[in-house]
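Colleague: Dropping in input_27.cif, which is mmCIF, C-alpha atoms:
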data_final
loop_
_atom_site.label_atom_id
_atom_site.label_comp_id
_atom_site.auth_asym_id
_atom_site.auth_seq_id
_atom_site.Cartn_x
_atom_site.Cartn_y
_atom_site.Cartn_z
CA MET V 1 120.51 74.53 111.34
CA THR V 2 123.41 75.61 109.13
CA LEU V 3 121.56 73.99 106.22
CA VAL V 4 118.31 75.75 107.16
CA GLY V 5 120.11 79.08 107.38
CA GLU V 6 121.69 78.60 103.96
CA ARG V 7 118.73 77.18 102.03
CA TYR V 8 115.50 77.71 103.97
CA ALA V 9 115.99 80.82 106.09
CA ASP V 10 112.80 82.43 104.73
CA PHE V 11 110.71 79.24 105.16
CA GLY V 12 108.35 78.53 108.01
CA PRO V 13 109.17 75.52 110.25
CA THR V 14 106.57 73.26 108.63
CA LEU V 15 107.74 73.90 105.07
CA ALA V 16 111.40 73.82 106.10
CA ALA V 17 110.88 70.40 107.74
CA GLU V 18 109.21 69.12 104.57
CA LYS V 19 112.05 70.34 102.36
CA LEU V 20 114.74 68.96 104.68
CA ALA V 21 113.14 65.52 104.39
CA GLU V 22 112.36 65.81 100.67
CA ARG V 23 115.62 67.27 99.40
CA ASP V 24 118.22 66.50 102.05
CA GLY V 25 117.02 63.24 103.64
CA LEU V 26 116.98 64.83 107.11
CA ARG V 27 113.85 64.07 109.13
CA VAL V 28 112.96 66.23 112.12
CA SER V 29 109.57 67.13 113.57
CA ARG V 30 108.28 70.55 112.72
CA GLU V 31 107.90 71.48 116.41
CA THR V 32 111.50 70.55 117.18
CA LEU V 33 112.64 72.48 114.13
CA ARG V 34 110.45 75.40 115.17
CA SER V 35 112.17 75.66 118.57
CA TRP V 36 115.61 75.42 116.96
CA MET V 37 114.75 78.12 114.41
CA VAL V 38 113.44 80.41 117.17
CA GLU V 39 116.67 79.94 119.17
CA ALA V 40 118.73 80.68 116.03
CA GLY V 41 116.73 83.81 115.26
CA LEU V 42 115.37 82.36 112.01
CA TRP V 43 111.74 82.29 113.16
CA LEU V 44 109.56 84.42 115.40
CA SER V 45 107.31 82.78 117.94
CA ARG V 46 103.54 83.12 117.59
CA LYS V 47 103.53 85.71 120.37
CA GLN V 48 106.21 87.75 118.62
CA ARG V 49 104.35 87.57 115.31
CA ARG V 50 100.97 88.29 116.84
CA THR V 51 98.86 90.78 114.90
CA PHE V 52 95.16 91.52 115.04
CA HIS V 53 93.03 91.18 111.92
CA GLN V 54 89.31 91.34 111.39
CA PRO V 55 88.34 87.72 110.69
CA ARG V 56 86.85 86.97 107.27
CA LEU V 57 85.03 83.74 106.50
CA ARG V 58 85.84 81.88 103.32
CA ARG V 59 83.40 82.20 100.45
CA GLU V 60 81.03 79.28 100.10
CA ALA V 61 81.46 78.24 96.47
CA TYR V 62 84.33 77.51 94.12
CA GLY V 63 84.76 80.35 91.61
CA GLU V 64 82.92 82.90 93.76
CA LEU V 65 86.07 84.80 94.74
CA VAL V 66 89.64 84.38 93.47
CA GLN V 67 92.47 86.08 95.33
CA ILE V 68 95.25 87.50 93.14
CA ASP V 69 98.62 88.84 94.18
CA GLY V 70 102.21 89.17 93.06
CA SER V 71 105.48 88.76 94.92
CA ASP V 72 108.78 90.36 93.84
CA HIS V 73 111.74 88.24 94.87
CA ARG V 74 115.05 86.78 93.77
CA TRP V 75 113.28 83.50 93.08
CA PHE V 76 116.32 81.97 91.40
CA GLU V 77 118.77 83.39 93.97
CA ASP V 78 121.94 84.53 92.16
CA ARG V 79 121.39 82.19 89.22
CA GLY V 80 118.93 84.49 87.48
CA ALA V 81 117.42 87.96 87.51
CA PRO V 82 114.76 88.92 90.08
CA CYS V 83 111.17 88.69 88.90
CA SER V 84 107.59 88.50 90.16
CA LEU V 85 105.43 85.47 90.85
CA LEU V 86 101.72 86.00 90.16
CA VAL V 87 99.37 83.86 92.25
CA PHE V 88 95.66 83.11 91.74
CA VAL V 89 93.98 81.27 94.66
CA ASP V 90 90.32 80.27 94.95
CA ASP V 91 88.97 81.61 98.25
CA ALA V 92 86.44 78.87 99.00
CA THR V 93 88.78 75.92 98.50
CA GLY V 94 92.24 77.41 98.98
CA LYS V 95 93.12 75.83 95.66
CA VAL V 96 95.94 77.42 93.67
CA MET V 97 94.37 78.25 90.32
CA GLN V 98 97.51 79.58 88.68
CA LEU V 99 101.15 80.48 89.30
CA ARG V 100 103.21 82.34 86.74
CA PHE V 101 106.61 84.02 86.70
CA VAL V 102 106.66 87.43 84.99
CA ARG V 103 109.12 90.31 84.68
CA SER V 104 107.12 92.54 87.03
CA GLU V 105 103.61 93.31 88.20
CA SER V 106 102.05 95.33 85.39
CA ALA V 107 98.78 95.58 83.50
CA PHE V 108 100.14 93.52 80.61
CA THR V 109 101.53 90.68 82.78
CA TYR V 110 98.23 90.46 84.67
CA PHE V 111 96.39 90.51 81.31
CA GLU V 112 98.48 87.52 80.22
CA ALA V 113 97.81 85.63 83.46
CA LEU V 114 94.11 86.52 83.33
CA ALA V 115 93.79 85.19 79.78
CA LEU V 116 95.31 81.86 80.87
CA HIS V 117 93.00 81.69 83.89
CA LEU V 118 89.91 82.38 81.79
CA ALA V 119 90.91 79.74 79.26
CA ARG V 120 91.43 77.09 81.97
CA HIS V 121 88.66 77.87 84.44
CA GLY V 122 86.27 80.48 83.05
CA ALA V 123 85.31 83.78 84.67
CA PRO V 124 84.92 83.94 88.46
CA ILE V 125 82.36 86.16 90.11
CA ALA V 126 85.05 88.44 91.54
CA PHE V 127 88.78 88.91 92.07
CA TYR V 128 90.19 90.04 95.40
CA SER V 129 93.47 91.95 95.39
CA ASP V 130 95.65 94.32 97.35
CA LYS V 131 95.81 98.03 96.50
CA HIS V 132 98.54 97.72 93.88
CA SER V 133 98.34 100.39 91.18
CA VAL V 134 97.43 97.69 88.63
CA PHE V 135 94.11 97.20 90.45
CA ARG V 136 93.32 100.57 92.02
CA VAL V 137 93.56 104.23 90.99
CA ALA V 138 95.47 105.86 93.85
CA LYS V 139 94.70 109.47 92.87
CA LYS V 140 91.07 110.48 93.17
CA ASP V 141 91.59 113.29 90.64
CA ALA V 142 93.46 111.14 88.08
CA ARG V 143 92.77 112.26 84.53
CA GLY V 144 91.27 109.76 82.11
CA GLY V 145 90.33 106.14 82.63
CA GLN V 146 86.89 106.90 84.11
CA GLY V 147 88.31 106.39 87.62
CA MET V 148 89.52 102.82 86.99
CA THR V 149 92.74 101.15 85.94
CA GLN V 150 93.22 99.32 82.64
CA PHE V 151 92.90 95.99 84.47
CA GLY V 152 89.72 97.19 86.18
CA ARG V 153 88.31 98.33 82.85
CA ALA V 154 89.01 94.92 81.31
CA LEU V 155 87.32 93.10 84.21
CA SER V 156 84.32 95.42 83.90
CA GLU V 157 83.93 94.45 80.23
CA LEU V 158 84.17 90.78 81.22
CA ASN V 159 81.53 91.30 83.93
CA ILE V 160 83.96 90.39 86.73
CA GLU V 161 84.14 92.42 89.94
CA ILE V 162 87.46 93.55 91.44
CA LEU V 163 87.63 93.99 95.23
CA CYS V 164 90.64 95.76 96.74
CA ALA V 165 91.29 95.13 100.30
CA ASN V 166 109.06 83.53 99.93
CA SER V 167 110.88 80.65 98.82
CA SER V 168 113.73 79.99 96.30
CA LEU V 169 113.52 77.26 93.66
CA ALA V 170 116.34 74.75 93.51
CA GLY V 171 117.88 74.06 90.13
CA ILE V 172 115.86 76.73 88.29
CA ASN V 173 117.60 79.77 86.82
CA ASP V 174 114.99 81.73 84.87
CA MET V 175 111.29 82.42 84.39
CA GLU V 176 110.88 80.03 81.45
CA ALA V 177 112.17 77.04 83.43
CA GLY V 178 110.21 78.25 86.46
CA ASN V 179 106.94 78.30 84.50
CA VAL V 180 107.61 74.72 83.37
CA PHE V 181 108.10 73.72 87.05
CA LEU V 182 105.01 75.45 88.44
CA PRO V 183 102.17 73.21 87.10
CA GLY V 184 103.59 70.21 89.02
CA PHE V 185 103.99 72.37 92.11
CA VAL V 186 100.36 73.53 91.84
CA GLU V 187 99.12 69.94 91.54
CA ASP V 188 101.11 68.88 94.61
CA TYR V 189 100.04 71.93 96.61
CA ASN V 190 96.35 71.48 95.83
CA ALA V 191 96.47 67.78 96.65
CA ARG V 192 97.78 68.58 100.13
CA PHE V 193 96.08 71.85 101.07
CA ALA V 194 92.88 72.39 99.04
CA ILE V 195 89.64 71.82 100.95
CA ILE V 196 86.06 71.03 99.99
CA PRO V 197 83.92 74.22 99.82
CA ALA V 198 80.69 74.69 101.74
CA ARG V 199 78.67 74.49 98.51
CA PRO V 200 79.31 72.05 95.66
CA ASP V 201 78.58 74.63 92.94
CA ASP V 202 81.22 75.88 90.52
CA LEU V 203 80.46 79.57 89.92
CA HIS V 204 82.95 80.04 87.11
CA ARG V 205 81.16 81.12 83.92
CA PRO V 206 82.02 80.45 80.28
CA LEU V 207 83.11 83.60 78.46
CA ASN V 208 81.52 82.94 75.05
CA LEU V 209 83.91 85.45 73.49
CA ALA V 210 85.76 85.25 70.21
CA PRO V 211 89.58 85.16 70.70
CA ASP V 212 89.96 88.50 68.88
CA ARG V 213 87.41 90.08 71.19
CA LEU V 214 89.30 88.92 74.30
CA SER V 215 92.57 90.38 72.98
CA GLU V 216 90.79 93.72 72.45
CA ILE V 217 89.69 93.68 76.08
CA LEU V 218 93.08 92.64 77.51
CA CYS V 219 95.01 95.62 76.20
CA LYS V 220 95.53 99.27 77.14
CA ARG V 221 92.84 101.54 75.69
CA GLU V 222 92.87 105.33 75.83
CA GLN V 223 91.26 108.26 74.04
CA ARG V 224 93.46 110.80 72.22
CA TYR V 225 92.56 114.26 70.87
CA VAL V 226 93.25 114.78 67.16
CA GLY V 227 94.86 118.13 66.33
CA ALA V 228 94.57 120.35 63.27
CA GLN V 229 97.25 118.40 61.35
CA LEU V 230 95.59 115.04 62.08
CA THR V 231 98.18 114.31 64.77
CA PHE V 232 98.11 113.29 68.44
CA SER V 233 100.62 112.30 71.13
CA PHE V 234 101.12 108.76 72.36
CA GLU V 235 103.89 107.66 74.76
CA ARG V 236 106.46 110.26 73.69
CA GLN V 237 105.63 109.67 70.06
CA ARG V 238 103.65 111.65 67.56
CA ILE V 239 101.01 109.80 65.57
CA MET V 240 99.88 111.28 62.23
CA LEU V 241 96.71 109.85 60.72
CA GLU V 242 96.72 109.19 57.01
CA GLU V 243 94.35 111.57 55.25
CA THR V 244 91.20 109.80 54.09
CA LYS V 245 87.52 110.63 53.79
CA VAL V 246 87.06 109.39 57.35
CA THR V 247 90.07 111.04 59.01
CA ARG V 248 89.44 114.49 57.43
CA GLY V 249 86.48 114.87 59.77
CA LEU V 250 88.34 113.82 62.92
CA VAL V 251 90.07 117.15 63.66
CA GLY V 252 88.94 118.23 67.12
CA ARG V 253 87.57 114.77 67.93
CA TYR V 254 88.87 111.86 69.99
CA VAL V 255 90.13 108.56 68.58
CA GLU V 256 90.74 105.41 70.65
CA THR V 257 94.15 103.73 70.90
CA TYR V 258 94.58 99.99 71.51
CA ALA V 259 98.08 99.17 72.82
CA TYR V 260 98.97 95.47 72.98
CA ALA V 261 101.65 93.67 75.00
CA ASP V 262 103.61 92.74 71.86
CA GLY V 263 104.07 96.43 70.95
CA ARG V 264 101.29 96.71 68.37
CA LEU V 265 99.22 99.90 68.35
CA ASP V 266 95.80 100.13 66.73
CA VAL V 267 94.05 103.50 66.28
CA ARG V 268 90.28 103.34 65.88
CA TRP V 269 87.30 105.57 65.24
CA LYS V 270 83.90 104.02 65.99
CA GLY V 271 85.45 100.56 65.82
CA HIS V 272 87.23 101.06 62.48
CA SER V 273 91.05 100.89 62.29
CA LEU V 274 92.75 104.00 60.91
CA PRO V 275 96.04 104.06 58.95
CA TYR V 276 98.78 106.20 60.49
CA ALA V 277 102.49 107.04 60.54
CA VAL V 278 104.67 107.19 63.68
CA PHE V 279 107.27 109.79 64.66
CA ASP V 280 109.74 108.99 67.42
CA LYS V 281 110.52 111.27 70.37
CA ASP V 282 112.96 113.30 68.23
CA GLN V 283 110.23 113.66 65.60
CA ARG V 284 112.02 111.71 62.88
CA VAL V 285 109.91 109.67 60.49
CA THR V 286 110.31 105.96 61.22
CA HIS V 287 111.35 103.48 58.56
CA ALA V 288 107.76 102.22 58.38
CA ALA V 289 106.22 105.64 57.68
CA ILE V 290 105.26 106.33 54.06
CA THR V 291 104.11 109.86 53.29
CA GLU V 292 102.23 110.71 50.12
CA ASN V 293 103.27 113.84 48.20
CA LYS V 294 100.03 115.63 49.02
CA ARG V 295 100.78 115.21 52.76
CA LEU V 296 104.47 116.08 52.52
CA GLY V 297 103.89 119.79 53.13
CA ASP V 298 102.00 119.14 56.38
CA VAL V 299 104.61 116.66 57.54
CA LEU V 300 107.51 119.03 56.89
CA ALA V 301 105.65 121.93 58.48
CA TYR V 302 105.09 119.90 61.60
CA ILE V 303 108.74 118.78 61.72
CA LYS V 304 109.90 122.37 61.25
CA GLU V 305 107.63 123.55 64.06
CA ARG V 306 109.05 120.93 66.43
CA GLN V 307 112.63 121.70 65.45
CA ASP V 308 112.08 125.42 66.03
CA GLN V 309 110.75 124.70 69.51
CA GLN V 310 113.75 122.52 70.32
CA ASP V 311 116.34 124.91 68.83
CA LYS V 312 114.94 128.13 70.34
CA PRO V 313 117.21 129.15 73.23
CA ASN V 314 115.50 129.44 76.58
CA VAL V 315 116.98 132.73 77.89
CA LYS V 316 115.66 133.95 81.23
CA THR V 317 115.54 137.58 82.27
CA ASN V 318 117.04 138.67 85.58
CA SER V 319 113.52 138.98 87.01
CA GLU V 320 112.73 135.39 86.03
CA LYS V 321 116.01 134.16 87.52
CA VAL V 322 115.18 135.64 90.94
CA GLY V 323 111.62 134.32 90.79
CA TYR V 324 109.77 137.63 90.21
CA VAL V 325 106.06 137.15 89.51
CA LYS V 326 104.08 139.94 87.83
CA ARG V 327 101.39 141.23 90.19
CA GLY V 328 99.09 142.86 87.62
CA ARG V 329 100.03 146.53 88.33
CA LYS V 330 103.08 148.73 87.96
CA PRO V 331 105.45 149.15 90.91
CA GLY V 332 105.42 152.29 93.01
CA PRO V 333 102.54 154.27 94.56
CA ARG V 334 99.15 153.72 93.07
CA THR V 335 97.65 156.51 90.89
CA ASP V 336 95.02 158.62 92.70
CA PHE V 337 92.41 158.78 89.97
CA MET V 338 90.13 161.05 92.02
CA ASN V 339 92.76 163.83 91.80
CA ASP V 340 93.83 163.12 88.20
CA PRO V 341 93.34 166.35 86.16
CA ALA V 342 92.05 164.46 83.12
CA VAL V 343 89.48 162.64 85.23
CA ILE V 344 88.43 165.88 86.93
CA ALA V 345 87.99 167.61 83.52
CA ARG V 346 85.79 164.80 82.18
CA ARG V 347 83.74 164.82 85.34
CA GLU V 348 83.17 168.62 85.13
CA LYS V 349 82.09 168.36 81.46
CA ALA V 350 79.60 165.66 82.30
CA GLN V 351 78.20 167.72 85.17
CA ALA V 352 77.81 170.76 82.86
CA ARG V 353 75.87 168.73 80.32
CA LEU V 354 73.51 167.53 83.01
CA GLU V 355 72.89 171.08 84.27
CA ALA V 356 72.23 172.30 80.68
CA ALA V 357 69.75 169.54 80.12
CA GLU V 358 67.90 170.48 83.26
#
Here is the file; what I need is its structure written in the form of structure tokens.

Modeller:
Amino acid sequence: MTLVGERYADFGPTLAAEKLAERDGLRVSRETLRSWMVEAGLWLSRKQRRTFHQPRLRREAYGELVQIDGSDHRWFEDRGAPCSLLVFVDDATGKVMQLRFVRSESAFTYFEALALHLARHGAPIAFYSDKHSVFRVAKKDARGGQGMTQFGRALSELNIEILCANSSLAGINDMEAGNVFLPGFVEDYNARFAIIPARPDDLHRPLNLAPDRLSEILCKREQRYVGAQLTFSFERQRIMLEETKVTRGLVGRYVETYAYADGRLDVRWKGHSLPYAVFDKDQRVTHAAITENKRLGDVLAYIKERQDQQDKPNVKTNSEKVGYVKRGRKPGPRTDFMNDPAVIARREKAQARLEAAE
């Protein structure tokens, strides 16, 4: 039990019994180990763990529904940094389709895992996930994205539906070594736990996509408004389009940005890539930016404008400091316009003109 507490405290009795026999040469039945773990406070009995869930039957065919999830954990204990393990499991068979260690659950890490899954198995009918922000837009009034996340947009283009509804590794210290270990683990797991589905069909579909087309889908795509100086904002940077026959007509229009996991950024208009220069958050020209003489005036004017905004002191009046909000009228008693001499005089003149006309 000391060994279980040190190495397998977060295992269930069945898995802990397997690992004790496999790694430590200690054989004990899972039921005996279960009772010992309950007494030691390392495992809750079924009654203590009892929860009520609406039952859901497995899907009938392989590739009809693939469950995806990620688990943040110190997978390598103190030997390496914490990371996330992404898991793809076929619902009909219980077969592990893919395991992969990544830095964290993000759109790009799921893009990477999705690309590997599509290459190995093809496209399933649907993915089933939790309500992580990678899969679901939490805010109903979120701006942009047409009400879907980047991962959801990519699945839509691939014609795949998205439905939203811990153990340590011995001898492994980092994600790279962990990813080398996982294929053997998947093979062993599937050999022991995968089942035969109700239908023999494989509903995975071939993609029939060019590799470049898939990379364009598995990226972050957004629309950006082009200002009067052919510039727009992107992730705390300022992008300035190079002046060409095409870009001259883009002022007041929207271009599309393609951001890739390796840091590349492509700016497009109607599918055509546009040349551009990048300014960092302090609005300094990067080493890669080359500005032609005819654009130098616009560039310097923009830099000057930004510098003026940053250098201008933000001095608050006493009213602003105490939170005074202008109400739309002057303080004090309101003017009685009905007894205002000027108003009375104008009213009398108008009345006299009417009487003369009559």

Colleague: I'd like to know which of V:Asp202, V:Phe108, V:Arg58, V:Asp212 is closest to Ala259 in chain V, using all atoms listed in the file.

Modeller: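 Smallest separation from Ala259 in chain V among the options: V:Phe108.
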
Colleague: Evaluate the PyMOL selection byres ((chain V and resi 201) around 10) here and jot the selected residues down as a PyMOL selection string.

Modeller: chain V and resi 60-64+197-200+202-204

Colleague: Output the residue selection produced by the PyMOL selection byres ((chain V and resi 161) around 7) on the file above, formatted as an NGL selection string.

Modeller: :V and (125-127 or 155-156 or 159-160 or 162-163)

Colleague: Just to confirm, what's the straight-line distance from CA of Ala177 in chain V to CA of Ala113 in chain V in Å (one decimal)?

Modeller: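 Result for CA of Ala177 in chain V versus CA of Ala113 in chain V: 16.7 Å, one decimal.
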
Colleague: So what do you get for CA of Gly227 in chain V versus CA of Gly271 in chain V, distance-wise?

Modeller: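 CA of Gly271 in chain V lies 19.9 Å from CA of Gly227 in chain V.
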
Colleague: For a quick check of understanding, using only C-alpha atoms, which of V:Phe232, V:Phe135, V:Phe88, V:Trp75 has the smallest distance to Leu116 in chain V?

Modeller: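 When distances to Leu116 in chain V are compared using only C-alpha atoms, the smallest one comes from V:Phe88.
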
Colleague: Counting only C-alpha atoms, figure out which residue out of V:Leu99, V:Leu274, V:Ala154, V:Leu57 gets nearest to Gly178 in chain V.

Modeller: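 When distances to Gly178 in chain V are compared using only C-alpha atoms, the smallest one comes from V:Leu99.
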
Colleague: Tell me, in Å to one decimal, how far CA of Glu216 in chain V is from CA of Tyr254 in chain V.

Modeller: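 We find that CA of Glu216 in chain V and CA of Tyr254 in chain V lie 18.4 Å from each other.
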
Colleague: Please tell me which residues are no farther than 7 Å from (110.2, 73.3, 113.2) in the file, counting all atoms listed in the file, and write them as a PDB file with C-alpha atoms, keeping the file's coordinate frame.

Modeller:
ATOM      1  CA  PRO V  13     109.170  75.520 110.250  1.00  0.00           C
ATOM      2  CA  THR V  14     106.570  73.260 108.630  1.00  0.00           C
ATOM      3  CA  ALA V  17     110.880  70.400 107.740  1.00  0.00           C
ATOM      4  CA  SER V  29     109.570  67.130 113.570  1.00  0.00           C
ATOM      5  CA  ARG V  30     108.280  70.550 112.720  1.00  0.00           C
ATOM      6  CA  GLU V  31     107.900  71.480 116.410  1.00  0.00           C
ATOM      7  CA  THR V  32     111.500  70.550 117.180  1.00  0.00           C
ATOM      8  CA  LEU V  33     112.640  72.480 114.130  1.00  0.00           C
ATOM      9  CA  ARG V  34     110.450  75.400 115.170  1.00  0.00           C
ATOM     10  CA  SER V  35     112.170  75.660 118.570  1.00  0.00           C
ATOM     11  CA  TRP V  36     115.610  75.420 116.960  1.00  0.00           C
ATOM     12  CA  MET V  37     114.750  78.120 114.410  1.00  0.00           C
TER      13      MET V  37
END

Colleague: Got a sec: who's within 12 Å of Leu265 in chain V, counting all atoms listed in the file, leaving out chain neighbours fewer than 2 positions off, as a list in words?

Modeller: Glu216, Cys219, Lys220, Arg221, Glu222, Phe234, Glu235, Gln237, Ile239, Glu256, Thr257, Tyr258, Ala259, Tyr260, Ala261, Asp262, Gly263, Val267, Arg268, Ser273, Leu274, Pro275, Tyr276, Ala277 and Val278 of chain V

Colleague: Using all atoms listed in the file, which residue out of V:Glu22, V:Arg192, V:Val255, V:Val102 lies closest to Glu176 in chain V?

Modeller: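 Of V:Glu22, V:Arg192, V:Val255, V:Val102, the one nearest Glu176 in chain V, counting all atoms listed in the file, is V:Val102.
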